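Below is one structure; the comments refer to it alone.
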Amino acid sequence: MVKYLPKYLASRLARMMDRCRRERGMALLATMMAIALMTIIVVDFTSASALGYLSAANNANEIRASYLARSAINVGLALIAQDTRAQMAQAASGQQGSATSSGQQGSASATTGQGQPFDSFASVWAIPFPPMPVNGGLIGLSVVDEARKFNINKLVNMQPGLGGPGATTTGAITPGATSTPLGTSASVGSNGGAGAAANAATAIGQPNVQAITQFTSLVTILGLDPAIIPPIIDWLDPDSIELPGGAESDYYLGLKPPYAARNGPMPTLGDLRLIKGIDDATFARLRNYVTVAPEPLVNPNTAPPEVLASLEPELMANPDIVKQIIQARTIRPFAVITDLMNEVPGAASISKLSGDLTLRGQFFTISGVGSYAGARKLVFATFHRNPDGTGTLNSWQED
């Protein structure tokens, strides 16, 4: 037995050494796994920290861009105020010149011969504003008078005389009268006068025949389907009776998600996207030519040719007259409505045109753009111009 003892001890020692080697391998493997796990955790923490830093930096840049865009809105308001003060000063000097000279009235680039101000592309607010660097960022802005567009809320009479002085007033829908663009019938009042005003007073909440005719012309000129007009009228009018081809709340409540018709004036142009038949392409085509601001008349100094042509059937039938208007105002803005009649030969024959026009808008939309380190913010704000040149906010949208 003694002679086998060295072999036993050697075998025992070999097994112990083999077990130690295996345990060292397991320890090494465990150590390596721990180091790999710690590396993953550190890399993940570093990535999350970097992403968090970038996110915070982007948020900070977006906030800076937003404030830059708001600053652009303030610059636009300052331009409108500056232009208004200049108009008031020129009007005052023009009136004084009229009083002190024998029958001669003072003149000014932004006032009429009677000392009344007017708006045109030569106005301070209308001059293109180049991008301006501010504190490491850029601001840009543009100012548009809403009087250059067609007031889509006019399609339904919400108050007497909304169509403006001297306009062909709408009447309530009555059987047996002249056909309207909607295929319904209506009685149309005379051009201006007490009878027209009385007729308008009884037509509150009813479709405005003159405005429908003008809007139908505008839609046709823009290459859109006039079938969108009845749903727009149903969206505006206070009743729940569908016009032929129109849509009331019963239709919209069946959509997903459901919603009710406005049955009143649109507060923003965004309402158009909710109306039956108006898709993204139609809205994009229409949005630059219509407004919801309460501007009942159109400024011929700033209106696009499509809007001018839609005001009267004679203008739509004679595009050369519209071209003459655009050319004449480019040379010299119209200071009084009679300037248009005198300077554009064809316009003199359109006796009703003056009832559709104004030379001074009351509502302006300022588009402000702020850019900072790749972040970009847009703000669209519509203001009512007060007599002293200050602005009262009418709507605000950020994008």
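Residues in the structure tokens are numbered from 1 in each chain, the chains being A, B, ... in the order shown, and ligands are numbered from 1 in the order shown.
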Per residue of region 289-352 of chain A within 12 Å of region 362-368 of chain A, what are the shortest atom pair and its distance in Å to one decimal, counting only C-alpha atoms, with rows by chain and residue number, as a tab-separated table?
residue	atom	partner	partner_atom	distance
A:Thr291	CA	A:Phe363	CA	10.1
A:Val292	CA	A:Phe363	CA	10.2
A:Ala293	CA	A:Phe363	CA	6.7
A:Pro294	CA	A:Phe363	CA	7.9
A:Glu295	CA	A:Gln362	CA	7.2
A:Pro296	CA	A:Gln362	CA	10.3
A:Leu297	CA	A:Gln362	CA	10.4
A:Val298	CA	A:Gln362	CA	11.1
A:Asn299	CA	A:Gln362	CA	10.7
Checklist entry - Using only C-alpha atoms, which residues sit within 12 Å of Lys377 (chain A) once same-chain residues fewer than 3 positions away are excluded, as a ChimeraX atom specification? => result /A:59,61-72,137-141,367-374,380,397-399
For Met341 (chain A), work out the shell of residues within 10 Å, counting only C-alpha atoms and skipping chain neighbours fewer than 4 positions away, then give it as a VMD selection string. chain A and resid 325 334 336 to 337 345 to 351 353 to 354
Identify all residues of region 252-339 of chain A in helix (DSSP H, G or I) (DSSP on the backbone) and supply them as number ranges by chain.
A: 252, 269-274, 280-286, 305-310, 313-317, 319-331, 337-339
Using only N, CA and C atoms, please write the residues we just selected to a file, as a compact mmCIF listing (two decimals), in the first residue's frame.
# COMPACT_ATOMS: atom_id res chain seq x y z
N TYR A 252 -70.86 65.67 -41.18
CA TYR A 252 -69.59 65.70 -40.46
C TYR A 252 -69.59 64.82 -39.22
N LEU A 269 -58.51 80.42 -41.39
CA LEU A 269 -58.61 79.70 -42.65
C LEU A 269 -58.49 78.19 -42.46
N GLY A 270 -58.01 77.77 -41.30
CA GLY A 270 -57.92 76.34 -41.02
C GLY A 270 -59.26 75.63 -41.10
N ASP A 271 -60.35 76.38 -40.91
CA ASP A 271 -61.69 75.78 -41.03
C ASP A 271 -61.91 75.17 -42.41
N LEU A 272 -61.28 75.74 -43.43
CA LEU A 272 -61.50 75.24 -44.79
C LEU A 272 -61.13 73.77 -44.92
N ARG A 273 -60.09 73.34 -44.19
CA ARG A 273 -59.67 71.94 -44.29
C ARG A 273 -60.67 70.99 -43.67
N LEU A 274 -61.61 71.52 -42.90
CA LEU A 274 -62.63 70.67 -42.29
C LEU A 274 -63.85 70.50 -43.18
N ASP A 280 -55.99 68.90 -49.45
CA ASP A 280 -54.77 69.69 -49.25
C ASP A 280 -54.44 70.53 -50.49
N ALA A 281 -54.59 69.93 -51.67
CA ALA A 281 -54.25 70.66 -52.90
C ALA A 281 -55.19 71.85 -53.11
N THR A 282 -56.48 71.65 -52.86
CA THR A 282 -57.45 72.74 -53.01
C THR A 282 -57.16 73.86 -52.00
N PHE A 283 -56.88 73.46 -50.77
CA PHE A 283 -56.59 74.45 -49.73
C PHE A 283 -55.33 75.24 -50.07
N ALA A 284 -54.28 74.55 -50.53
CA ALA A 284 -53.04 75.22 -50.88
C ALA A 284 -53.25 76.20 -52.04
N ARG A 285 -54.11 75.85 -52.98
CA ARG A 285 -54.38 76.73 -54.11
C ARG A 285 -55.20 77.94 -53.70
N LEU A 286 -56.07 77.79 -52.72
CA LEU A 286 -57.04 78.81 -52.37
C LEU A 286 -56.55 79.77 -51.29
N PRO A 305 -54.17 89.71 -59.56
CA PRO A 305 -55.07 89.81 -60.71
C PRO A 305 -56.25 88.87 -60.64
N GLU A 306 -56.07 87.68 -60.00
CA GLU A 306 -57.18 86.73 -59.90
C GLU A 306 -58.33 87.30 -59.08
N VAL A 307 -57.99 87.98 -57.99
CA VAL A 307 -59.04 88.57 -57.14
C VAL A 307 -59.71 89.74 -57.86
N LEU A 308 -58.93 90.57 -58.52
CA LEU A 308 -59.50 91.70 -59.26
C LEU A 308 -60.46 91.21 -60.35
N ALA A 309 -60.06 90.18 -61.08
CA ALA A 309 -60.90 89.67 -62.16
C ALA A 309 -62.20 89.08 -61.65
N SER A 310 -62.22 88.61 -60.40
CA SER A 310 -63.42 87.98 -59.87
C SER A 310 -64.47 88.97 -59.38
N PRO A 313 -68.19 90.46 -63.50
CA PRO A 313 -68.15 89.59 -64.70
C PRO A 313 -67.44 90.25 -65.87
N GLU A 314 -67.55 91.58 -65.99
CA GLU A 314 -66.89 92.28 -67.10
C GLU A 314 -65.37 92.15 -67.01
N LEU A 315 -64.83 92.16 -65.79
CA LEU A 315 -63.39 92.01 -65.62
C LEU A 315 -62.94 90.59 -65.95
N MET A 316 -63.75 89.62 -65.57
CA MET A 316 -63.41 88.23 -65.88
C MET A 316 -63.46 87.98 -67.39
N ALA A 317 -64.41 88.65 -68.05
CA ALA A 317 -64.54 88.48 -69.50
C ALA A 317 -63.50 89.29 -70.27
N PRO A 319 -59.79 90.15 -69.58
CA PRO A 319 -58.55 90.13 -68.79
C PRO A 319 -57.60 91.27 -69.12
N ASP A 320 -57.75 91.88 -70.30
CA ASP A 320 -56.88 93.01 -70.64
C ASP A 320 -57.09 94.19 -69.69
N ILE A 321 -58.35 94.37 -69.21
CA ILE A 321 -58.61 95.46 -68.26
C ILE A 321 -57.83 95.22 -66.98
N VAL A 322 -57.82 93.97 -66.52
CA VAL A 322 -57.08 93.64 -65.30
C VAL A 322 -55.59 93.90 -65.51
N LYS A 323 -55.07 93.54 -66.66
CA LYS A 323 -53.66 93.80 -66.96
C LYS A 323 -53.37 95.30 -66.94
N GLN A 324 -54.32 96.11 -67.46
CA GLN A 324 -54.14 97.55 -67.44
C GLN A 324 -54.12 98.10 -66.02
N ILE A 325 -54.96 97.52 -65.15
CA ILE A 325 -54.99 97.95 -63.74
C ILE A 325 -53.65 97.65 -63.08
N ILE A 326 -53.13 96.44 -63.31
CA ILE A 326 -51.85 96.06 -62.72
C ILE A 326 -50.73 96.97 -63.23
N GLN A 327 -50.74 97.25 -64.51
CA GLN A 327 -49.71 98.10 -65.10
C GLN A 327 -49.80 99.53 -64.57
N ALA A 328 -51.03 100.04 -64.47
CA ALA A 328 -51.22 101.42 -64.00
C ALA A 328 -50.77 101.58 -62.56
N ARG A 329 -51.09 100.63 -61.69
CA ARG A 329 -50.70 100.76 -60.28
C ARG A 329 -49.20 100.56 -60.09
N THR A 330 -48.56 99.85 -61.02
CA THR A 330 -47.11 99.69 -60.95
C THR A 330 -46.41 101.02 -61.22
N ILE A 331 -46.96 101.78 -62.15
CA ILE A 331 -46.39 103.09 -62.47
C ILE A 331 -46.67 104.09 -61.36
N ILE A 337 -60.25 106.25 -55.79
CA ILE A 337 -60.88 105.25 -56.65
C ILE A 337 -61.08 105.79 -58.06
N THR A 338 -61.36 107.07 -58.16
CA THR A 338 -61.58 107.65 -59.50
C THR A 338 -60.32 107.60 -60.35
N ASP A 339 -59.14 107.51 -59.70
CA ASP A 339 -57.90 107.36 -60.48
C ASP A 339 -57.94 106.10 -61.32
Contacts of region 220-232 of chain A at 6 Å (only C-alpha atoms; same-chain gap of 6+ positions) as a list in words
Gly245, Gly246, Ala247 and Gly277 of chain A
For the residues selected in the previous step, produce a file with N, CA and C atoms as an mmCIF file, in the first residue's frame.
data_model
loop_
_atom_site.group_PDB
_atom_site.id
_atom_site.type_symbol
_atom_site.label_atom_id
_atom_site.label_comp_id
_atom_site.auth_asym_id
_atom_site.auth_seq_id
_atom_site.Cartn_x
_atom_site.Cartn_y
_atom_site.Cartn_z
ATOM 1 N N GLY A 245 -75.742 69.672 -52.934
ATOM 2 C CA GLY A 245 -74.304 69.471 -52.983
ATOM 3 C C GLY A 245 -73.576 69.939 -51.744
ATOM 4 N N GLY A 246 -74.305 70.437 -50.756
ATOM 5 C CA GLY A 246 -73.679 70.952 -49.546
ATOM 6 C C GLY A 246 -73.532 69.887 -48.473
ATOM 7 N N ALA A 247 -73.254 70.324 -47.252
ATOM 8 C CA ALA A 247 -73.071 69.400 -46.134
ATOM 9 C C ALA A 247 -73.282 70.155 -44.833
ATOM 10 N N GLY A 277 -65.025 68.269 -49.408
ATOM 11 C CA GLY A 277 -64.549 68.530 -50.756
ATOM 12 C C GLY A 277 -63.276 69.350 -50.843
#
Checklist line | Best match for closeness to Gln87 (chain A) among A:Ile152, A:Ile212, A:Val124, A:Ala381, counting only C-alpha atoms | finding: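 Selected residue with least distance to Gln87 (chain A): A:Val124.
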